[in-house]
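Before any comments, here is the structure.
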Amino acid sequence: MINYSVDTDGIATISWDMPGRSMNVLNNDSIPAFAGALEKAIGDDAVKGIIITSGKPDFIAGADLEMLQGWKGAEEMFQNGMELQMMFRSIEKAKKPVVAAINGTALGGGFEICLACHHRIAADNPKAKIGLPEVKVGLLPGGGGTQRLPRLIGIQAALPLLLEGKHLSPEKALKAGMVNAVVPANDLLAEAKKWLLNAKPEDAVQPWDKKGFRLPGGIPMSPGGMMTFTAGNAMLREKTMGNYPAALNIMSCVYEGCCVDIDNGLKIETRYFVKTCGTPEAKNMIRSLFFGIGNANKLASRPKDIPTQTFTKVGVLGAGMMGAGIAYSTAVAGIDVVLIDRDQAAADKGKAYSEKLLQKAVGRGRMSQEKAEAVLGRITATTDYALLDGAELVIEAVFENREIKADVTGKSEAVIAEDAIFASNTSTLPISGLAEASKRPANFIGLHFFSPVDKMPLVEIICGKETSQETLARSMDYVKAIRKTPIVVNDSRGFYTSRVFGTYVNEGIAMLAEGINPALIDMAGKMSGMPVGPLALADEVAIDLIYKVRNQTRDDLGDKYIPSPSDATVTKMVEELNRVGKREGKGFYDYPEGGKKHLWKELGTHFPQLPEDEQPSVEEVIKRLLYIQSVETARCLEENVVTTPEDADVGSILGWGFAPSRGGAISQIHTVGVDNFVAECDRMAQAYGARFTPPQFLRDMASKGETFYAA
Ligand code: NAI
């Protein structure tokens, strides 16, 4: 677990090497073992200096979030938090020099151990990540990070790192002052020992424990400090809209803690740590961002007993916006791509898109020229279907048209092996219907990517009626291979993500038709944690596209079509007012060239607004926008369109930007309580329409007192 040895020069080495794990973490096993090793080294007079390092390729990944989830109640959390603080404090109070030999990634609690050491030497390992990412899962560094980092590099430099949870390479960490030296990996331990042997007594005292210590860059109450905190606080409040208490708590914790000495600062930090851990936002983010996405990436729901498929060659049909992006993401993952379009020029254009992205990556120093050339070399742009021979998978991203899709399916299946997978990236056409054009419907599946493909991490995998478990499992292997996150859904109109996302936009448009102030609607959307308000989003998606898909759905469903409360407004915007969205510079907003967008001044004339005193509260508008998404997601669960609450949550966050602090569309129900949610939906169904009526299984859950998640 923690190896301990002392050499003939009196240098003790405490090396983390937790059995059965690829990464060391702070948990209920390693913490006491580390504390024991520290005590031994500190208490032994024969030990002159201590090296803390790791026997694994990485240093320490941070605290085990399962351990944190197991700490019940504020008191236990405070107790455990303070114990950890005191153990780290014993490092800097050891009265002998302690050095961190950071061989690889050191994050969160792992880096906090380094901060407590008197000296930090990192191996020159460009893959290593150093930083305090706690804020990204709604937490606050609780092992001294908010106190030692500002004391080491100054408040101004520390705050962005703490508030954004950014991690740096060793080289950048050196520039930022977070580590003292970067050395070749092979020399790391020798350099650490050399520093210890040369250390003077004052080197074994932290700067903040020395008389006359001054915070680099000034104290919080200096004029510069006041500026940082006042402006920073205002900016943070605007950016987070009250949805991310961890960031505000970090800010307060740094401010308060840096006004006092380190021992009191650490107590303040533990108080804020406990407060932050207890927030629903932290619980939601840990559940969905860490465990939910983590499990999806590990393919937790992959059908068992099917051998893992490796991919060497993938065909992509249609080199337009989506096809070009899919080709890029596949080639970057080391897989050969045959990119086919109707003519050579179109295929070449698709390949040129990858070239552009690769050049950008090289320009920013994120990729070497050799690697970029190798990636580009993997993409063959062509019109020749014969080149698909040997592909394990073909993904079509041609026009959204059944006949064209059927045609390219046939052409591909004539060439590819019997067991190869054929996938469609359709955004609206049911997979089972498209599979009718296939000779091997068991091998036919939907792989729904999001735009822009290179940036969007989610892939919705859609099983048609005849899709086999083997095809599903192997398709999941592909999604993992290109380092994206899969969720598995069943065939249905709009699948899962587009269907629920549509309710957010429609509800916003419906409210406009009711006379609710459009500025209030979009502000509430942002306050709900969505990246943009529903009206602005409608403009971005394009109102004429919403109109087209709506008409298509109406035609397809005939009598079964359930009119949406946004229908009349969408029709009026397109047919009467000719305002189709951002693309044409005019939708619900105006987009002046070179200027900032603003709500269309005549909106109120065409959609009369209620008088001020009849406008709803912002809380009610937020609730409508959030609950309509959650109730539709619950319906998707009931219909087995999305199969697990975890997938529903992950899909809502990664697919359409549902607030991570709310944990996703199902976590939202979980957080407010199923019974409260059902009662509120009943009220809203009365007030706004049957679309809010909760599905029966939610009522059953409420009456039985069931919850979606354990915590
Ligand atoms: P696009 O119009 O940019 O690209 C389509 C490409 O297919 C064009 O380059 C076209 O020349 C090519 N093509 C047409 N017929 C062909 C044929 N018979 N053989 C070979 N190539 C042919 O369209 P986009 O946006 O890339 O969409 C492609 C598919 O992806 C559609 O099914 C769309 O519904 C779906 N999709 C689109 C998303 C988006 O955000 N645009 C998101 C997710 C899915």
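By order in the structure tokens, chains are A, B, ...; within a chain, residues start at 1; ligands start at 1, following the order shown.
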
* Given 6 Å and only C-alpha atoms and all ligand atoms, residues near ligand 1 as number ranges by chain -> A: 317-323, 340-342, 346, 397-400, 404, 408, 425-427, 448-451

Go ahead and save the picked residues with N, CA and C atoms, as a JSON list (two decimals), in the first residue's frame.
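Output contents, as saved in again.json:
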[["chain", "number", "residue", "atom", "x", "y", "z"],
["A", 317, "LEU", "N", -19.80, 7.67, -44.72],
["A", 317, "LEU", "CA", -20.47, 8.07, -45.95],
["A", 317, "LEU", "C", -21.09, 9.45, -45.78],
["A", 318, "GLY", "N", -20.75, 10.35, -46.69],
["A", 318, "GLY", "CA", -21.22, 11.73, -46.56],
["A", 318, "GLY", "C", -20.12, 12.52, -45.86],
["A", 319, "ALA", "N", -19.48, 13.43, -46.59],
["A", 319, "ALA", "CA", -18.36, 14.18, -46.02],
["A", 319, "ALA", "C", -18.79, 15.60, -45.69],
["A", 320, "GLY", "N", -20.07, 15.75, -45.30],
["A", 320, "GLY", "CA", -20.57, 17.08, -44.91],
["A", 320, "GLY", "C", -20.14, 17.41, -43.49],
["A", 321, "MET", "N", -20.94, 18.26, -42.85],
["A", 321, "MET", "CA", -20.56, 18.72, -41.52],
["A", 321, "MET", "C", -20.34, 17.55, -40.55],
["A", 322, "MET", "N", -21.30, 16.62, -40.50],
["A", 322, "MET", "CA", -21.20, 15.53, -39.53],
["A", 322, "MET", "C", -20.17, 14.49, -39.96],
["A", 323, "GLY", "N", -20.24, 14.07, -41.23],
["A", 323, "GLY", "CA", -19.32, 13.05, -41.71],
["A", 323, "GLY", "C", -17.86, 13.47, -41.55],
["A", 340, "ILE", "N", -16.37, 8.84, -47.90],
["A", 340, "ILE", "CA", -16.99, 8.79, -49.24],
["A", 340, "ILE", "C", -18.04, 9.88, -49.41],
["A", 341, "ASP", "N", -18.01, 10.54, -50.57],
["A", 341, "ASP", "CA", -19.10, 11.47, -50.91],
["A", 341, "ASP", "C", -19.47, 11.27, -52.37],
["A", 342, "ARG", "N", -20.42, 12.09, -52.85],
["A", 342, "ARG", "CA", -20.93, 11.88, -54.22],
["A", 342, "ARG", "C", -19.88, 12.19, -55.26],
["A", 346, "ALA", "N", -16.33, 16.95, -53.05],
["A", 346, "ALA", "CA", -17.03, 16.96, -51.76],
["A", 346, "ALA", "C", -16.27, 16.11, -50.73],
["A", 397, "ALA", "N", -23.62, 9.39, -42.95],
["A", 397, "ALA", "CA", -24.04, 10.74, -42.55],
["A", 397, "ALA", "C", -24.36, 11.53, -43.82],
["A", 398, "VAL", "N", -25.15, 10.88, -44.72],
["A", 398, "VAL", "CA", -25.58, 11.56, -45.95],
["A", 398, "VAL", "C", -26.83, 12.38, -45.63],
["A", 399, "PHE", "N", -27.44, 12.98, -46.66],
["A", 399, "PHE", "CA", -28.62, 13.82, -46.41],
["A", 399, "PHE", "C", -29.69, 13.05, -45.64],
["A", 400, "GLU", "N", -30.49, 13.81, -44.90],
["A", 400, "GLU", "CA", -31.57, 13.21, -44.09],
["A", 400, "GLU", "C", -32.73, 12.82, -45.02],
["A", 404, "ILE", "N", -32.03, 8.10, -50.12],
["A", 404, "ILE", "CA", -30.58, 8.22, -50.27],
["A", 404, "ILE", "C", -29.88, 7.31, -49.25],
["A", 408, "VAL", "N", -27.23, 4.16, -50.10],
["A", 408, "VAL", "CA", -25.84, 4.00, -49.65],
["A", 408, "VAL", "C", -25.68, 2.77, -48.75],
["A", 425, "ASN", "N", -26.27, 7.91, -38.79],
["A", 425, "ASN", "CA", -26.19, 9.08, -37.92],
["A", 425, "ASN", "C", -27.45, 9.94, -38.05],
["A", 426, "THR", "N", -28.53, 9.33, -38.50],
["A", 426, "THR", "CA", -29.76, 10.11, -38.67],
["A", 426, "THR", "C", -30.15, 10.84, -37.39],
["A", 427, "SER", "N", -30.74, 12.04, -37.54],
["A", 427, "SER", "CA", -31.17, 12.71, -36.32],
["A", 427, "SER", "C", -32.67, 12.57, -36.10],
["A", 448, "HIS", "N", -25.73, 8.28, -33.09],
["A", 448, "HIS", "CA", -26.13, 9.69, -33.22],
["A", 448, "HIS", "C", -25.09, 10.58, -32.57],
["A", 449, "PHE", "N", -24.32, 11.26, -33.43],
["A", 449, "PHE", "CA", -23.28, 12.19, -32.95],
["A", 449, "PHE", "C", -23.90, 13.58, -32.79],
["A", 450, "PHE", "N", -23.16, 14.44, -32.11],
["A", 450, "PHE", "CA", -23.61, 15.81, -31.91],
["A", 450, "PHE", "C", -22.62, 16.77, -32.56],
["A", 451, "SER", "N", -23.12, 17.92, -32.92],
["A", 451, "SER", "CA", -22.30, 18.87, -33.67],
["A", 451, "SER", "C", -21.78, 19.98, -32.74]]

* Counting only C-alpha atoms, what is within 8 Å of stretch 160-169 of chain A, bar same-chain residues fewer than 4 positions away, as a list of chain:residue names? -> A:Leu107, A:Asn125, A:Pro126, A:Lys127, A:Ala128, A:Lys129, A:Ile130, A:Gly131, A:Leu132, A:Pro133, A:Glu134, A:Val135, A:Lys136, A:Thr146, A:Gln156, A:Ala173, A:Ala247, A:Ile250, A:Met251

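Here atom CA of A:Asp491 and atom CA of A:Phe708 stand 23.4 Å from one another.
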
* Asked: Between atom CA of A:Gly278 and atom CA of A:Leu248, what is the spacing in Å?
  -> 14.5 Å

* When you draw a straight line from atom CA of A:Ile155 to atom CA of A:Thr228, how long is it in Å? -> 8.5 Å

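These are the residues of stretch 25-245 of chain A assigned strand (DSSP E or B) by DSSP from backbone coordinates: Leu26, Gly49, Ile50, Ile51, Ile52, Thr53, Ser54, Ile60, Ala63, Val98, Val99, Ala100, Ala101, Ile102, Ala106, Leu107, His119, Arg120, Ile121, Ala122, Ala123, Ile130, Gly131, His167, Leu168, Ala181, Val182 and Val183 of chain A.
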
* DSSP helix (DSSP H, G or I) residues within stretch 182-236 of chain A, listed as a ChimeraX atom specification -> /A:185-198,201-204,207-209,223-236

At a cut-off of 8 Å, using only C-alpha atoms, what residues contact A:Ile153? Leave out same-chain residues fewer than 2 positions from it and give the result as a PDB file with N, CA, C and O atoms, in the first residue's frame.
ATOM      1  N   LEU A 149      -2.084  27.156  -1.586  1.00  0.00           N
ATOM      2  CA  LEU A 149      -1.786  27.646  -2.945  1.00  0.00           C
ATOM      3  C   LEU A 149      -1.720  29.178  -2.999  1.00  0.00           C
ATOM      4  O   LEU A 149      -0.752  29.723  -3.538  1.00  0.00           O
ATOM      5  N   PRO A 150      -2.697  29.916  -2.425  1.00  0.00           N
ATOM      6  CA  PRO A 150      -2.559  31.384  -2.427  1.00  0.00           C
ATOM      7  C   PRO A 150      -1.334  31.860  -1.665  1.00  0.00           C
ATOM      8  O   PRO A 150      -0.706  32.848  -2.043  1.00  0.00           O
ATOM      9  N   ARG A 151      -0.970  31.149  -0.593  1.00  0.00           N
ATOM     10  CA  ARG A 151       0.205  31.573   0.177  1.00  0.00           C
ATOM     11  C   ARG A 151       1.493  31.300  -0.601  1.00  0.00           C
ATOM     12  O   ARG A 151       2.512  31.925  -0.381  1.00  0.00           O
ATOM     13  N   ILE A 155      -2.802  35.283  -4.257  1.00  0.00           N
ATOM     14  CA  ILE A 155      -4.252  35.092  -4.438  1.00  0.00           C
ATOM     15  C   ILE A 155      -4.649  35.203  -5.911  1.00  0.00           C
ATOM     16  O   ILE A 155      -5.413  34.397  -6.440  1.00  0.00           O
ATOM     17  N   ALA A 157      -3.054  34.674  -8.648  1.00  0.00           N
ATOM     18  CA  ALA A 157      -2.686  33.537  -9.501  1.00  0.00           C
ATOM     19  C   ALA A 157      -3.434  32.278  -9.076  1.00  0.00           C
ATOM     20  O   ALA A 157      -3.769  31.428  -9.901  1.00  0.00           O
ATOM     21  N   ALA A 158      -3.712  32.171  -7.777  1.00  0.00           N
ATOM     22  CA  ALA A 158      -4.326  30.926  -7.276  1.00  0.00           C
ATOM     23  C   ALA A 158      -5.814  30.849  -7.598  1.00  0.00           C
ATOM     24  O   ALA A 158      -6.324  29.770  -7.912  1.00  0.00           O
ATOM     25  N   ALA A 176       4.074  28.523 -13.127  1.00  0.00           N
ATOM     26  CA  ALA A 176       3.085  29.109 -12.214  1.00  0.00           C
ATOM     27  C   ALA A 176       3.582  29.136 -10.770  1.00  0.00           C
ATOM     28  O   ALA A 176       2.937  29.708  -9.901  1.00  0.00           O
ATOM     29  N   GLY A 177       4.729  28.493 -10.512  1.00  0.00           N
ATOM     30  CA  GLY A 177       5.272  28.476  -9.147  1.00  0.00           C
ATOM     31  C   GLY A 177       4.678  27.382  -8.277  1.00  0.00           C
ATOM     32  O   GLY A 177       4.871  27.365  -7.065  1.00  0.00           O
ATOM     33  N   MET A 178       3.943  26.452  -8.895  1.00  0.00           N
ATOM     34  CA  MET A 178       3.316  25.382  -8.095  1.00  0.00           C
ATOM     35  C   MET A 178       4.310  24.282  -7.750  1.00  0.00           C
ATOM     36  O   MET A 178       4.113  23.534  -6.797  1.00  0.00           O
ATOM     37  N   PRO A 216       2.321  36.645  -1.113  1.00  0.00           N
ATOM     38  CA  PRO A 216       2.798  37.223  -2.375  1.00  0.00           C
ATOM     39  C   PRO A 216       1.635  37.921  -3.084  1.00  0.00           C
ATOM     40  O   PRO A 216       0.534  37.388  -3.143  1.00  0.00           O
TER      41      PRO A 216
END

* To do: Skip stretch 289-306 of chain A itself and residues of its chain fewer than 3 positions away, then list as a ChimeraX atom specification all residues within 10 Å of it, counting only C-alpha atoms.
  => /A:65-66,136-138,283-286,309,458,469-477,479-480,483-488,643-651,653-654,660-661,663-664

* To do: For A:Arg402, list every protein, DNA or RNA residue within 9 Å, evaluated using only C-alpha atoms, and leave out those in the same chain fewer than 4 positions away; present the list as a ChimeraX atom specification.
  => /A:406-407,429,433-434
